[in-house]
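One file, protein-v3.cif, carrying mmCIF, N, CA and C atoms:
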```cif
data_my_file
loop_
_atom_site.label_atom_id
_atom_site.label_comp_id
_atom_site.auth_asym_id
_atom_site.auth_seq_id
_atom_site.Cartn_x
_atom_site.Cartn_y
_atom_site.Cartn_z
N MET A 4 121.18 2.13 -2.93
CA MET A 4 122.08 1.61 -3.94
C MET A 4 123.50 2.10 -3.62
N GLN A 5 124.44 1.18 -3.71
CA GLN A 5 125.84 1.55 -3.51
C GLN A 5 126.29 2.44 -4.66
N ASN A 6 127.06 3.46 -4.33
CA ASN A 6 127.43 4.44 -5.34
C ASN A 6 128.85 4.94 -5.13
N ILE A 7 129.58 5.06 -6.20
CA ILE A 7 130.90 5.70 -6.21
C ILE A 7 130.78 6.92 -7.10
N ILE A 8 131.33 8.04 -6.66
CA ILE A 8 131.32 9.24 -7.49
C ILE A 8 132.71 9.46 -8.05
N ILE A 9 132.75 9.76 -9.33
CA ILE A 9 134.00 10.12 -10.00
C ILE A 9 133.96 11.62 -10.25
N PHE A 10 134.86 12.34 -9.60
CA PHE A 10 134.97 13.78 -9.79
C PHE A 10 135.99 14.05 -10.88
N ASP A 11 135.56 14.65 -11.98
CA ASP A 11 136.46 14.96 -13.08
C ASP A 11 136.86 16.43 -13.03
N PHE A 12 138.12 16.66 -12.66
CA PHE A 12 138.67 18.01 -12.59
C PHE A 12 139.52 18.30 -13.82
N GLY A 13 139.00 17.97 -14.98
CA GLY A 13 139.70 18.31 -16.22
C GLY A 13 140.62 17.23 -16.74
N ARG A 14 140.56 16.04 -16.19
CA ARG A 14 141.36 14.93 -16.70
C ARG A 14 140.45 13.95 -17.43
N GLY A 15 139.51 14.48 -18.19
CA GLY A 15 138.45 13.70 -18.80
C GLY A 15 138.88 12.74 -19.90
N LYS A 16 140.13 12.74 -20.25
CA LYS A 16 140.59 11.86 -21.33
C LYS A 16 140.24 10.39 -21.08
N ASN A 17 140.35 9.95 -19.83
CA ASN A 17 140.09 8.55 -19.49
C ASN A 17 138.88 8.37 -18.60
N ASN A 18 138.08 9.41 -18.39
CA ASN A 18 136.97 9.31 -17.44
C ASN A 18 135.94 8.26 -17.86
N GLN A 19 135.64 8.17 -19.14
CA GLN A 19 134.67 7.19 -19.61
C GLN A 19 135.19 5.76 -19.41
N LEU A 20 136.48 5.55 -19.66
CA LEU A 20 137.09 4.23 -19.48
C LEU A 20 137.03 3.80 -18.02
N ILE A 21 137.38 4.69 -17.11
CA ILE A 21 137.36 4.35 -15.69
C ILE A 21 135.94 4.06 -15.23
N THR A 22 135.00 4.87 -15.68
CA THR A 22 133.60 4.64 -15.32
C THR A 22 133.14 3.27 -15.81
N LYS A 23 133.47 2.94 -17.03
CA LYS A 23 133.09 1.63 -17.59
C LYS A 23 133.74 0.48 -16.83
N GLN A 24 135.01 0.62 -16.46
CA GLN A 24 135.71 -0.43 -15.71
C GLN A 24 135.07 -0.65 -14.35
N ILE A 25 134.62 0.41 -13.72
CA ILE A 25 133.96 0.28 -12.42
C ILE A 25 132.63 -0.46 -12.57
N ARG A 26 131.84 -0.06 -13.55
CA ARG A 26 130.54 -0.70 -13.76
C ARG A 26 130.70 -2.16 -14.18
N GLU A 27 131.76 -2.48 -14.90
CA GLU A 27 132.01 -3.87 -15.28
C GLU A 27 132.29 -4.74 -14.05
N GLN A 28 132.70 -4.13 -12.95
CA GLN A 28 132.94 -4.87 -11.71
C GLN A 28 131.69 -4.92 -10.83
N GLY A 29 130.56 -4.52 -11.38
CA GLY A 29 129.29 -4.61 -10.66
C GLY A 29 129.06 -3.51 -9.65
N VAL A 30 129.66 -2.34 -9.89
CA VAL A 30 129.52 -1.22 -8.96
C VAL A 30 128.96 -0.02 -9.74
N TYR A 31 127.88 0.55 -9.22
CA TYR A 31 127.31 1.73 -9.86
C TYR A 31 128.19 2.93 -9.54
N CYS A 32 128.38 3.78 -10.54
CA CYS A 32 129.14 5.01 -10.32
C CYS A 32 128.55 6.12 -11.17
N GLU A 33 128.81 7.33 -10.74
CA GLU A 33 128.39 8.51 -11.48
C GLU A 33 129.62 9.35 -11.77
N LEU A 34 129.67 9.87 -12.98
CA LEU A 34 130.77 10.73 -13.41
C LEU A 34 130.31 12.17 -13.33
N TRP A 35 130.98 12.96 -12.50
CA TRP A 35 130.60 14.36 -12.30
C TRP A 35 131.66 15.27 -12.89
N ASP A 36 131.26 16.11 -13.81
CA ASP A 36 132.11 17.17 -14.34
C ASP A 36 132.13 18.27 -13.29
N MET A 37 133.29 18.58 -12.77
CA MET A 37 133.36 19.51 -11.65
C MET A 37 133.17 20.97 -12.06
N LYS A 38 132.91 21.21 -13.33
CA LYS A 38 132.50 22.54 -13.77
C LYS A 38 131.02 22.74 -13.45
N SER A 39 130.30 21.64 -13.26
CA SER A 39 128.86 21.69 -13.03
C SER A 39 128.45 21.24 -11.63
N HIS A 40 129.35 20.62 -10.88
CA HIS A 40 129.02 20.07 -9.56
C HIS A 40 130.05 20.52 -8.53
N SER A 41 129.72 20.27 -7.28
CA SER A 41 130.67 20.54 -6.20
C SER A 41 130.79 19.29 -5.33
N ILE A 42 131.89 19.20 -4.62
CA ILE A 42 132.11 18.06 -3.74
C ILE A 42 131.05 18.04 -2.64
N SER A 43 130.64 19.19 -2.17
CA SER A 43 129.63 19.22 -1.10
C SER A 43 128.30 18.62 -1.56
N GLU A 44 127.98 18.69 -2.86
CA GLU A 44 126.76 18.07 -3.38
C GLU A 44 126.79 16.55 -3.21
N ALA A 45 127.97 15.97 -3.25
CA ALA A 45 128.11 14.51 -3.18
C ALA A 45 127.59 13.96 -1.86
N LYS A 46 127.68 14.73 -0.81
CA LYS A 46 127.20 14.27 0.50
C LYS A 46 125.72 13.91 0.44
N LEU A 47 124.98 14.57 -0.42
CA LEU A 47 123.54 14.35 -0.51
C LEU A 47 123.17 12.96 -1.02
N ILE A 48 124.06 12.34 -1.80
CA ILE A 48 123.75 11.00 -2.31
C ILE A 48 124.47 9.90 -1.55
N ASN A 49 125.23 10.29 -0.53
CA ASN A 49 125.83 9.32 0.39
C ASN A 49 126.64 8.23 -0.33
N PRO A 50 127.70 8.60 -1.05
CA PRO A 50 128.49 7.60 -1.76
C PRO A 50 129.33 6.75 -0.80
N LEU A 51 129.72 5.56 -1.27
CA LEU A 51 130.64 4.72 -0.50
C LEU A 51 132.09 5.16 -0.69
N GLY A 52 132.36 5.86 -1.78
CA GLY A 52 133.71 6.32 -2.05
C GLY A 52 133.71 7.32 -3.19
N ALA A 53 134.89 7.90 -3.40
CA ALA A 53 135.03 8.90 -4.46
C ALA A 53 136.36 8.69 -5.17
N ILE A 54 136.34 8.94 -6.47
CA ILE A 54 137.56 8.90 -7.27
C ILE A 54 137.74 10.29 -7.86
N VAL A 55 138.94 10.83 -7.72
CA VAL A 55 139.24 12.16 -8.20
C VAL A 55 140.17 12.07 -9.40
N LEU A 56 139.71 12.57 -10.54
CA LEU A 56 140.54 12.65 -11.74
C LEU A 56 141.04 14.08 -11.84
N GLY A 57 142.34 14.26 -11.67
CA GLY A 57 142.92 15.60 -11.61
C GLY A 57 143.27 15.90 -10.16
N THR A 58 143.19 17.16 -9.79
CA THR A 58 143.55 17.56 -8.42
C THR A 58 142.40 18.33 -7.79
N ALA A 59 142.22 18.10 -6.50
CA ALA A 59 141.17 18.75 -5.73
C ALA A 59 141.73 19.18 -4.39
N ASP A 60 141.01 20.01 -3.68
CA ASP A 60 141.39 20.47 -2.35
C ASP A 60 141.27 19.30 -1.37
N PRO A 61 142.41 18.83 -0.80
CA PRO A 61 142.36 17.68 0.12
C PRO A 61 141.43 17.89 1.31
N GLN A 62 141.36 19.12 1.84
CA GLN A 62 140.48 19.37 2.98
C GLN A 62 139.02 19.21 2.59
N GLU A 63 138.67 19.65 1.39
CA GLU A 63 137.29 19.50 0.94
C GLU A 63 136.95 18.03 0.74
N LEU A 64 137.90 17.24 0.23
CA LEU A 64 137.67 15.81 0.04
C LEU A 64 137.42 15.11 1.37
N GLN A 65 138.12 15.53 2.41
CA GLN A 65 137.96 14.90 3.73
C GLN A 65 136.56 15.10 4.28
N THR A 66 135.88 16.16 3.86
CA THR A 66 134.53 16.42 4.38
C THR A 66 133.54 15.36 3.93
N LEU A 67 133.87 14.61 2.88
CA LEU A 67 132.98 13.55 2.41
C LEU A 67 132.87 12.41 3.41
N GLY A 68 133.97 12.15 4.13
CA GLY A 68 133.96 11.07 5.11
C GLY A 68 133.96 9.68 4.51
N VAL A 69 134.45 9.56 3.27
CA VAL A 69 134.52 8.27 2.59
C VAL A 69 135.92 8.10 2.00
N PRO A 70 136.29 6.86 1.68
CA PRO A 70 137.59 6.66 1.03
C PRO A 70 137.65 7.41 -0.31
N VAL A 71 138.84 7.96 -0.58
CA VAL A 71 139.05 8.71 -1.81
C VAL A 71 140.27 8.16 -2.53
N LEU A 72 140.13 7.91 -3.82
CA LEU A 72 141.23 7.49 -4.67
C LEU A 72 141.55 8.65 -5.59
N GLU A 73 142.73 9.22 -5.43
CA GLU A 73 143.13 10.36 -6.26
C GLU A 73 143.98 9.86 -7.43
N LEU A 74 143.58 10.25 -8.62
CA LEU A 74 144.28 9.88 -9.85
C LEU A 74 144.63 11.17 -10.59
N PRO A 75 145.74 11.81 -10.20
CA PRO A 75 146.10 13.09 -10.81
C PRO A 75 146.25 13.03 -12.34
N ASP A 76 146.71 11.89 -12.84
CA ASP A 76 146.88 11.75 -14.29
C ASP A 76 145.67 11.11 -14.95
N GLY A 77 144.64 10.77 -14.15
CA GLY A 77 143.41 10.19 -14.69
C GLY A 77 143.52 8.74 -15.11
N LEU A 78 144.56 8.04 -14.65
CA LEU A 78 144.77 6.64 -15.03
C LEU A 78 144.79 5.74 -13.80
N ALA A 79 144.26 4.51 -13.96
CA ALA A 79 144.33 3.50 -12.90
C ALA A 79 144.17 2.13 -13.54
N SER A 80 144.89 1.16 -12.99
CA SER A 80 144.74 -0.22 -13.48
C SER A 80 143.45 -0.81 -12.92
N LYS A 81 142.98 -1.88 -13.54
CA LYS A 81 141.79 -2.56 -13.04
C LYS A 81 142.01 -3.07 -11.63
N LEU A 82 143.23 -3.52 -11.32
CA LEU A 82 143.53 -4.03 -9.98
C LEU A 82 143.44 -2.91 -8.94
N VAL A 83 143.97 -1.75 -9.26
CA VAL A 83 143.89 -0.61 -8.33
C VAL A 83 142.42 -0.25 -8.08
N LEU A 84 141.63 -0.20 -9.14
CA LEU A 84 140.20 0.10 -8.99
C LEU A 84 139.50 -0.97 -8.16
N LYS A 85 139.79 -2.23 -8.45
CA LYS A 85 139.15 -3.34 -7.72
C LYS A 85 139.47 -3.26 -6.23
N ASN A 86 140.74 -3.06 -5.88
CA ASN A 86 141.13 -2.96 -4.47
C ASN A 86 140.44 -1.78 -3.80
N PHE A 87 140.36 -0.67 -4.49
CA PHE A 87 139.70 0.50 -3.91
C PHE A 87 138.22 0.23 -3.68
N LEU A 88 137.55 -0.28 -4.70
CA LEU A 88 136.10 -0.50 -4.62
C LEU A 88 135.71 -1.50 -3.54
N PHE A 89 136.40 -2.64 -3.51
CA PHE A 89 135.97 -3.73 -2.64
C PHE A 89 136.65 -3.71 -1.27
N ASP A 90 137.94 -3.40 -1.22
CA ASP A 90 138.66 -3.40 0.05
C ASP A 90 138.47 -2.10 0.83
N LYS A 91 138.58 -0.98 0.16
CA LYS A 91 138.49 0.32 0.85
C LYS A 91 137.05 0.79 1.05
N CYS A 92 136.24 0.63 0.01
CA CYS A 92 134.87 1.18 0.05
C CYS A 92 133.82 0.17 0.52
N GLY A 93 134.13 -1.12 0.44
CA GLY A 93 133.18 -2.13 0.87
C GLY A 93 132.06 -2.41 -0.12
N CYS A 94 132.30 -2.13 -1.39
CA CYS A 94 131.30 -2.43 -2.41
C CYS A 94 131.11 -3.95 -2.52
N THR A 95 129.92 -4.37 -2.94
CA THR A 95 129.62 -5.80 -3.05
C THR A 95 129.65 -6.31 -4.48
N GLY A 96 129.59 -5.42 -5.45
CA GLY A 96 129.64 -5.85 -6.85
C GLY A 96 128.35 -6.48 -7.34
N GLU A 97 127.22 -6.09 -6.75
CA GLU A 97 125.93 -6.69 -7.11
C GLU A 97 125.14 -5.87 -8.12
N TRP A 98 125.64 -4.69 -8.51
CA TRP A 98 124.91 -3.84 -9.44
C TRP A 98 125.07 -4.37 -10.86
N ASN A 99 124.00 -4.26 -11.65
CA ASN A 99 124.13 -4.53 -13.08
C ASN A 99 123.13 -3.66 -13.84
N MET A 100 123.46 -3.38 -15.09
CA MET A 100 122.67 -2.46 -15.89
C MET A 100 121.24 -2.96 -16.11
N ALA A 101 121.05 -4.27 -16.26
CA ALA A 101 119.70 -4.80 -16.51
C ALA A 101 118.78 -4.49 -15.33
N GLN A 102 119.23 -4.77 -14.11
CA GLN A 102 118.41 -4.50 -12.92
C GLN A 102 118.18 -3.00 -12.75
N TYR A 103 119.21 -2.22 -13.01
CA TYR A 103 119.12 -0.77 -12.89
C TYR A 103 118.09 -0.23 -13.88
N SER A 104 118.12 -0.72 -15.12
CA SER A 104 117.17 -0.30 -16.14
C SER A 104 115.74 -0.65 -15.74
N GLU A 105 115.55 -1.87 -15.24
CA GLU A 105 114.22 -2.30 -14.81
C GLU A 105 113.68 -1.39 -13.71
N LYS A 106 114.54 -1.05 -12.76
CA LYS A 106 114.13 -0.19 -11.66
C LYS A 106 113.73 1.19 -12.17
N LEU A 107 114.52 1.75 -13.08
CA LEU A 107 114.19 3.07 -13.60
C LEU A 107 112.91 3.05 -14.43
N ILE A 108 112.72 2.01 -15.22
CA ILE A 108 111.50 1.90 -16.02
C ILE A 108 110.28 1.84 -15.10
N GLU A 109 110.38 1.08 -14.03
CA GLU A 109 109.29 0.98 -13.06
C GLU A 109 108.99 2.35 -12.44
N GLU A 110 110.04 3.08 -12.07
CA GLU A 110 109.86 4.41 -11.49
C GLU A 110 109.20 5.36 -12.48
N ILE A 111 109.59 5.29 -13.74
CA ILE A 111 109.00 6.15 -14.77
C ILE A 111 107.52 5.81 -14.95
N ARG A 112 107.21 4.53 -15.00
CA ARG A 112 105.81 4.11 -15.15
C ARG A 112 104.95 4.60 -13.99
N GLU A 113 105.51 4.54 -12.78
CA GLU A 113 104.77 5.02 -11.60
C GLU A 113 104.55 6.52 -11.68
N THR A 114 105.55 7.24 -12.16
CA THR A 114 105.46 8.69 -12.24
C THR A 114 104.53 9.14 -13.36
N VAL A 115 104.66 8.54 -14.53
CA VAL A 115 103.90 8.96 -15.71
C VAL A 115 102.49 8.40 -15.70
N GLY A 116 102.33 7.19 -15.20
CA GLY A 116 101.01 6.56 -15.20
C GLY A 116 100.52 6.34 -16.62
N ASP A 117 99.31 6.81 -16.91
CA ASP A 117 98.73 6.68 -18.24
C ASP A 117 99.10 7.85 -19.15
N GLY A 118 99.89 8.77 -18.62
CA GLY A 118 100.28 9.94 -19.41
C GLY A 118 101.35 9.60 -20.43
N LYS A 119 101.91 10.63 -21.02
CA LYS A 119 102.97 10.46 -22.01
C LYS A 119 104.26 11.07 -21.48
N ALA A 120 105.38 10.53 -21.95
CA ALA A 120 106.69 11.04 -21.54
C ALA A 120 107.57 11.19 -22.77
N LEU A 121 108.44 12.17 -22.73
CA LEU A 121 109.42 12.37 -23.78
C LEU A 121 110.78 11.94 -23.24
N LEU A 122 111.48 11.12 -24.01
CA LEU A 122 112.77 10.60 -23.57
C LEU A 122 113.86 11.04 -24.53
N ALA A 123 114.91 11.64 -23.98
CA ALA A 123 116.10 11.97 -24.76
C ALA A 123 117.22 11.11 -24.19
N LEU A 124 117.88 10.35 -25.01
CA LEU A 124 118.84 9.36 -24.53
C LEU A 124 120.18 9.49 -25.23
N SER A 125 121.23 9.39 -24.43
CA SER A 125 122.58 9.38 -24.97
C SER A 125 123.21 8.04 -24.63
N GLY A 126 124.03 7.51 -25.52
CA GLY A 126 124.69 6.24 -25.26
C GLY A 126 125.61 6.31 -24.06
N GLY A 127 126.28 7.42 -23.87
CA GLY A 127 127.12 7.64 -22.71
C GLY A 127 128.19 6.60 -22.51
N VAL A 128 128.49 6.33 -21.26
CA VAL A 128 129.59 5.46 -20.86
C VAL A 128 129.40 4.01 -21.30
N ASP A 129 128.19 3.51 -21.18
CA ASP A 129 127.96 2.08 -21.38
C ASP A 129 127.56 1.69 -22.79
N SER A 130 127.72 2.60 -23.73
CA SER A 130 127.33 2.25 -25.10
C SER A 130 128.47 1.58 -25.85
#
```
Could you take the file, read its structure, and then write that structure out as C-alpha coordinates?
Amino acid sequence: MQNIIIFDFGRGKNNQLITKQIREQGVYCELWDMKSHSISEAKLINPLGAIVLGTADPQELQTLGVPVLELPDGLASKLVLKNFLFDKCGCTGEWNMAQYSEKLIEEIRETVGDGKALLALSGGVDS
(Lines of atoms letter the chains of each structure in order from A and count residues from 1; the text may use other names and numbers.)
(Lines give C-alpha, C1' and ligand atoms only; values in the text may rest on other atoms or scores of the structure.)
Protein backbone atom coordinates (compact mmCIF):
# COMPACT_ATOMS: atom_id res chain seq x y z
CA MET A 1 0.00 0.00 0.00
CA GLN A 2 1.28 3.45 -0.87
CA ASN A 3 1.96 5.44 2.26
CA ILE A 4 2.92 8.98 3.23
CA ILE A 5 4.10 9.67 6.76
CA ILE A 6 3.39 12.97 8.46
CA PHE A 7 5.92 13.73 11.18
CA ASP A 8 4.46 16.12 13.74
CA PHE A 9 7.19 17.99 15.61
CA GLY A 10 4.83 20.06 17.72
CA ARG A 11 2.94 21.88 14.98
CA GLY A 12 -0.16 19.78 15.61
CA LYS A 13 -2.62 22.63 15.20
CA ASN A 14 -3.25 21.68 11.55
CA ASN A 15 -2.05 18.08 11.51
CA GLN A 16 -5.55 16.59 11.36
CA LEU A 17 -6.54 18.94 8.51
CA ILE A 18 -3.47 18.05 6.43
CA THR A 19 -4.01 14.34 7.05
CA LYS A 20 -7.63 14.62 5.95
CA GLN A 21 -6.70 16.61 2.81
CA ILE A 22 -4.21 13.92 1.82
CA ARG A 23 -6.70 11.09 2.31
CA GLU A 24 -9.33 13.04 0.34
CA GLN A 25 -6.92 12.87 -2.61
CA GLY A 26 -6.91 9.07 -2.42
CA VAL A 27 -3.57 8.68 -0.64
CA TYR A 28 -3.13 6.77 2.60
CA CYS A 29 -1.11 8.57 5.24
CA GLU A 30 -0.16 8.11 8.86
CA LEU A 31 0.26 10.91 11.37
CA TRP A 32 3.18 10.32 13.73
CA ASP A 33 3.64 12.30 16.92
CA MET A 34 7.39 12.61 17.13
CA LYS A 35 7.30 12.35 20.92
CA SER A 36 6.42 8.68 20.38
CA HIS A 37 8.20 7.83 17.09
CA SER A 38 11.49 8.37 15.33
CA ILE A 39 12.33 9.06 11.71
CA SER A 40 14.39 5.87 11.57
CA GLU A 41 11.21 3.86 12.35
CA ALA A 42 9.65 5.17 9.14
CA LYS A 43 12.11 3.19 7.02
CA LEU A 44 10.42 0.01 8.22
CA ILE A 45 7.14 0.85 6.48
CA ASN A 46 8.79 2.05 3.27
CA PRO A 47 6.83 5.29 2.66
CA LEU A 48 6.70 7.03 -0.73
CA GLY A 49 7.23 10.38 0.97
CA ALA A 50 7.21 12.30 4.21
CA ILE A 51 5.71 15.56 5.39
CA VAL A 52 7.33 17.35 8.31
CA LEU A 53 5.22 19.65 10.48
CA GLY A 54 7.66 21.80 12.43
CA THR A 55 11.42 21.38 12.15
CA ALA A 56 13.56 18.27 11.98
CA ASP A 57 17.22 17.41 11.45
CA PRO A 58 17.76 17.66 7.65
CA GLN A 59 20.46 14.95 7.71
CA GLU A 60 18.13 12.54 9.46
CA LEU A 61 15.38 13.27 6.90
CA GLN A 62 17.78 12.45 4.05
CA THR A 63 18.27 8.95 5.45
CA LEU A 64 14.68 8.14 4.47
CA GLY A 65 15.58 8.32 0.78
CA VAL A 66 12.15 9.69 -0.17
CA PRO A 67 10.81 13.13 -1.08
CA VAL A 68 10.20 15.33 1.95
CA LEU A 69 7.86 18.31 2.21
CA GLU A 70 8.79 20.53 5.14
CA LEU A 71 6.05 22.72 6.59
CA PRO A 72 7.64 24.66 9.45
CA ASP A 73 4.39 26.49 10.19
CA GLY A 74 2.27 23.35 9.69
CA LEU A 75 0.30 24.84 6.77
CA ALA A 76 0.00 23.86 3.09
CA SER A 77 -2.50 24.52 0.33
CA LYS A 78 -4.29 21.64 -1.36
CA LEU A 79 -2.32 22.41 -4.54
CA VAL A 80 1.03 22.16 -2.74
CA LEU A 81 -0.03 18.83 -1.22
CA LYS A 82 -1.33 17.54 -4.57
CA ASN A 83 1.91 18.43 -6.38
CA PHE A 84 3.98 16.80 -3.65
CA LEU A 85 1.91 13.61 -3.52
CA PHE A 86 1.53 12.97 -7.24
CA ASP A 87 4.50 14.71 -8.89
CA LYS A 88 7.23 14.22 -6.29
CA CYS A 89 6.17 10.98 -4.58
CA GLY A 90 4.43 9.21 -7.47
CA CYS A 91 1.23 8.42 -5.58
CA THR A 92 -1.65 7.11 -7.70
CA GLY A 93 -4.60 8.28 -5.62
CA GLU A 94 -6.26 4.85 -5.57
CA TRP A 95 -6.67 4.51 -1.79
CA ASN A 96 -10.08 4.88 -0.20
CA MET A 97 -11.43 4.29 3.29
CA ALA A 98 -14.04 1.71 2.19
CA GLN A 99 -11.44 -0.61 0.63
CA TYR A 100 -9.06 -0.05 3.54
CA SER A 101 -11.80 -0.93 6.05
CA GLU A 102 -12.71 -4.09 4.14
CA LYS A 103 -9.08 -5.19 4.10
CA LEU A 104 -8.67 -4.62 7.83
CA ILE A 105 -11.92 -6.43 8.65
CA GLU A 106 -10.75 -9.41 6.59
CA GLU A 107 -7.39 -9.43 8.41
CA ILE A 108 -9.14 -9.30 11.80
CA ARG A 109 -11.45 -12.17 10.85
CA GLU A 110 -8.46 -14.25 9.76
CA THR A 111 -6.64 -13.50 13.00
CA VAL A 112 -9.56 -13.94 15.40
CA GLY A 113 -11.32 -16.78 13.62
CA ASP A 114 -14.19 -18.04 15.77
CA GLY A 115 -12.80 -16.30 18.84
CA LYS A 116 -13.80 -12.96 20.30
CA ALA A 117 -12.12 -9.57 19.93
CA LEU A 118 -12.36 -6.32 21.85
CA LEU A 119 -12.35 -3.16 19.76
CA ALA A 120 -11.60 0.34 21.02
CA LEU A 121 -12.22 2.95 18.34
CA SER A 122 -11.57 6.65 18.02
CA GLY A 123 -13.07 8.83 15.31
CA GLY A 124 -9.66 10.33 14.63
CA VAL A 125 -8.85 12.18 11.44
CA ASP A 126 -11.64 10.87 9.24
CA SER A 127 -14.57 11.40 11.56
Take the PyMOL selection byres ((chain A and resi 5) around 6.5), apply it to the structure above, and return the hits as a list in words.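 Going through the file, the PyMOL selection byres ((chain A and resi 5) around 6.5) ends up selecting Met4, Asn6, Ile7, Val30, Tyr31, Cys32, Pro50 and Leu51 of chain A.
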Just to be explicit: take each residue in the selection above, keep N, CA and C atoms, and write the result as an mmCIF file, in the frame of the given file.
```cif
data_model
loop_
_atom_site.group_PDB
_atom_site.id
_atom_site.type_symbol
_atom_site.label_atom_id
_atom_site.label_comp_id
_atom_site.auth_asym_id
_atom_site.auth_seq_id
_atom_site.Cartn_x
_atom_site.Cartn_y
_atom_site.Cartn_z
ATOM 1 N N MET A 4 121.180 2.130 -2.930
ATOM 2 C CA MET A 4 122.080 1.610 -3.940
ATOM 3 C C MET A 4 123.500 2.100 -3.620
ATOM 4 N N ASN A 6 127.060 3.460 -4.330
ATOM 5 C CA ASN A 6 127.430 4.440 -5.340
ATOM 6 C C ASN A 6 128.850 4.940 -5.130
ATOM 7 N N ILE A 7 129.580 5.060 -6.200
ATOM 8 C CA ILE A 7 130.900 5.700 -6.210
ATOM 9 C C ILE A 7 130.780 6.920 -7.100
ATOM 10 N N VAL A 30 129.660 -2.340 -9.890
ATOM 11 C CA VAL A 30 129.520 -1.220 -8.960
ATOM 12 C C VAL A 30 128.960 -0.020 -9.740
ATOM 13 N N TYR A 31 127.880 0.550 -9.220
ATOM 14 C CA TYR A 31 127.310 1.730 -9.860
ATOM 15 C C TYR A 31 128.190 2.930 -9.540
ATOM 16 N N CYS A 32 128.380 3.780 -10.540
ATOM 17 C CA CYS A 32 129.140 5.010 -10.320
ATOM 18 C C CYS A 32 128.550 6.120 -11.170
ATOM 19 N N PRO A 50 127.700 8.600 -1.050
ATOM 20 C CA PRO A 50 128.490 7.600 -1.760
ATOM 21 C C PRO A 50 129.330 6.750 -0.800
ATOM 22 N N LEU A 51 129.720 5.560 -1.270
ATOM 23 C CA LEU A 51 130.640 4.720 -0.500
ATOM 24 C C LEU A 51 132.090 5.160 -0.690
#
```
For CA of Leu67 (chain A) and CA of Ile42 (chain A), quote the distance in Å rounded to one decimal. 7.7 Å
Evaluate the PyMOL selection byres (((chain A and resi 72-89 and name CA) around 6) and name CA) here and jot the selected residues down as a list in words.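 Selected by the PyMOL selection byres (((chain A and resi 72-89 and name CA) around 6) and name CA) in this file: Arg14, Ile54, Val55, Leu56, Gly57, Thr58, Val71, Asp90, Lys91, Cys92, Gly93 and Cys94 of chain A.
Using only C-alpha atoms, the smallest distance between any of A:Ala101, A:Ala45, A:Val69, A:Ile9 and Lys23 (chain A) comes from A:Ile9.
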Do you have the atom N of Glu110 (chain A)-atom N of Ile21 (chain A) distance handy?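 If I compute the distance from atom N of Glu110 (chain A) to atom N of Ile21 (chain A), I get 27.8 Å.
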All strand (DSSP E or B) residues (DSSP, backbone) inside chain A, as a VMD selection string: chain A and resid 7 to 11 32 to 36 52 to 56 71 to 74
Selection export as a short mmCIF file (atom, residue, chain, number, x, y, z; two decimals), in the frame of the given file, atoms kept: N, CA and C atoms:
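Saved the output as again38.cif:
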```cif
data_model
loop_
_atom_site.label_atom_id
_atom_site.label_comp_id
_atom_site.auth_asym_id
_atom_site.auth_seq_id
_atom_site.Cartn_x
_atom_site.Cartn_y
_atom_site.Cartn_z
N ILE A 7 129.58 5.06 -6.20
CA ILE A 7 130.90 5.70 -6.21
C ILE A 7 130.78 6.92 -7.10
N ILE A 8 131.33 8.04 -6.66
CA ILE A 8 131.32 9.24 -7.49
C ILE A 8 132.71 9.46 -8.05
N ILE A 9 132.75 9.76 -9.33
CA ILE A 9 134.00 10.12 -10.00
C ILE A 9 133.96 11.62 -10.25
N PHE A 10 134.86 12.34 -9.60
CA PHE A 10 134.97 13.78 -9.79
C PHE A 10 135.99 14.05 -10.88
N ASP A 11 135.56 14.65 -11.98
CA ASP A 11 136.46 14.96 -13.08
C ASP A 11 136.86 16.43 -13.03
N CYS A 32 128.38 3.78 -10.54
CA CYS A 32 129.14 5.01 -10.32
C CYS A 32 128.55 6.12 -11.17
N GLU A 33 128.81 7.33 -10.74
CA GLU A 33 128.39 8.51 -11.48
C GLU A 33 129.62 9.35 -11.77
N LEU A 34 129.67 9.87 -12.98
CA LEU A 34 130.77 10.73 -13.41
C LEU A 34 130.31 12.17 -13.33
N TRP A 35 130.98 12.96 -12.50
CA TRP A 35 130.60 14.36 -12.30
C TRP A 35 131.66 15.27 -12.89
N ASP A 36 131.26 16.11 -13.81
CA ASP A 36 132.11 17.17 -14.34
C ASP A 36 132.13 18.27 -13.29
N GLY A 52 132.36 5.86 -1.78
CA GLY A 52 133.71 6.32 -2.05
C GLY A 52 133.71 7.32 -3.19
N ALA A 53 134.89 7.90 -3.40
CA ALA A 53 135.03 8.90 -4.46
C ALA A 53 136.36 8.69 -5.17
N ILE A 54 136.34 8.94 -6.47
CA ILE A 54 137.56 8.90 -7.27
C ILE A 54 137.74 10.29 -7.86
N VAL A 55 138.94 10.83 -7.72
CA VAL A 55 139.24 12.16 -8.20
C VAL A 55 140.17 12.07 -9.40
N LEU A 56 139.71 12.57 -10.54
CA LEU A 56 140.54 12.65 -11.74
C LEU A 56 141.04 14.08 -11.84
N VAL A 71 138.84 7.96 -0.58
CA VAL A 71 139.05 8.71 -1.81
C VAL A 71 140.27 8.16 -2.53
N LEU A 72 140.13 7.91 -3.82
CA LEU A 72 141.23 7.49 -4.67
C LEU A 72 141.55 8.65 -5.59
N GLU A 73 142.73 9.22 -5.43
CA GLU A 73 143.13 10.36 -6.26
C GLU A 73 143.98 9.86 -7.43
N LEU A 74 143.58 10.25 -8.62
CA LEU A 74 144.28 9.88 -9.85
C LEU A 74 144.63 11.17 -10.59
#
```
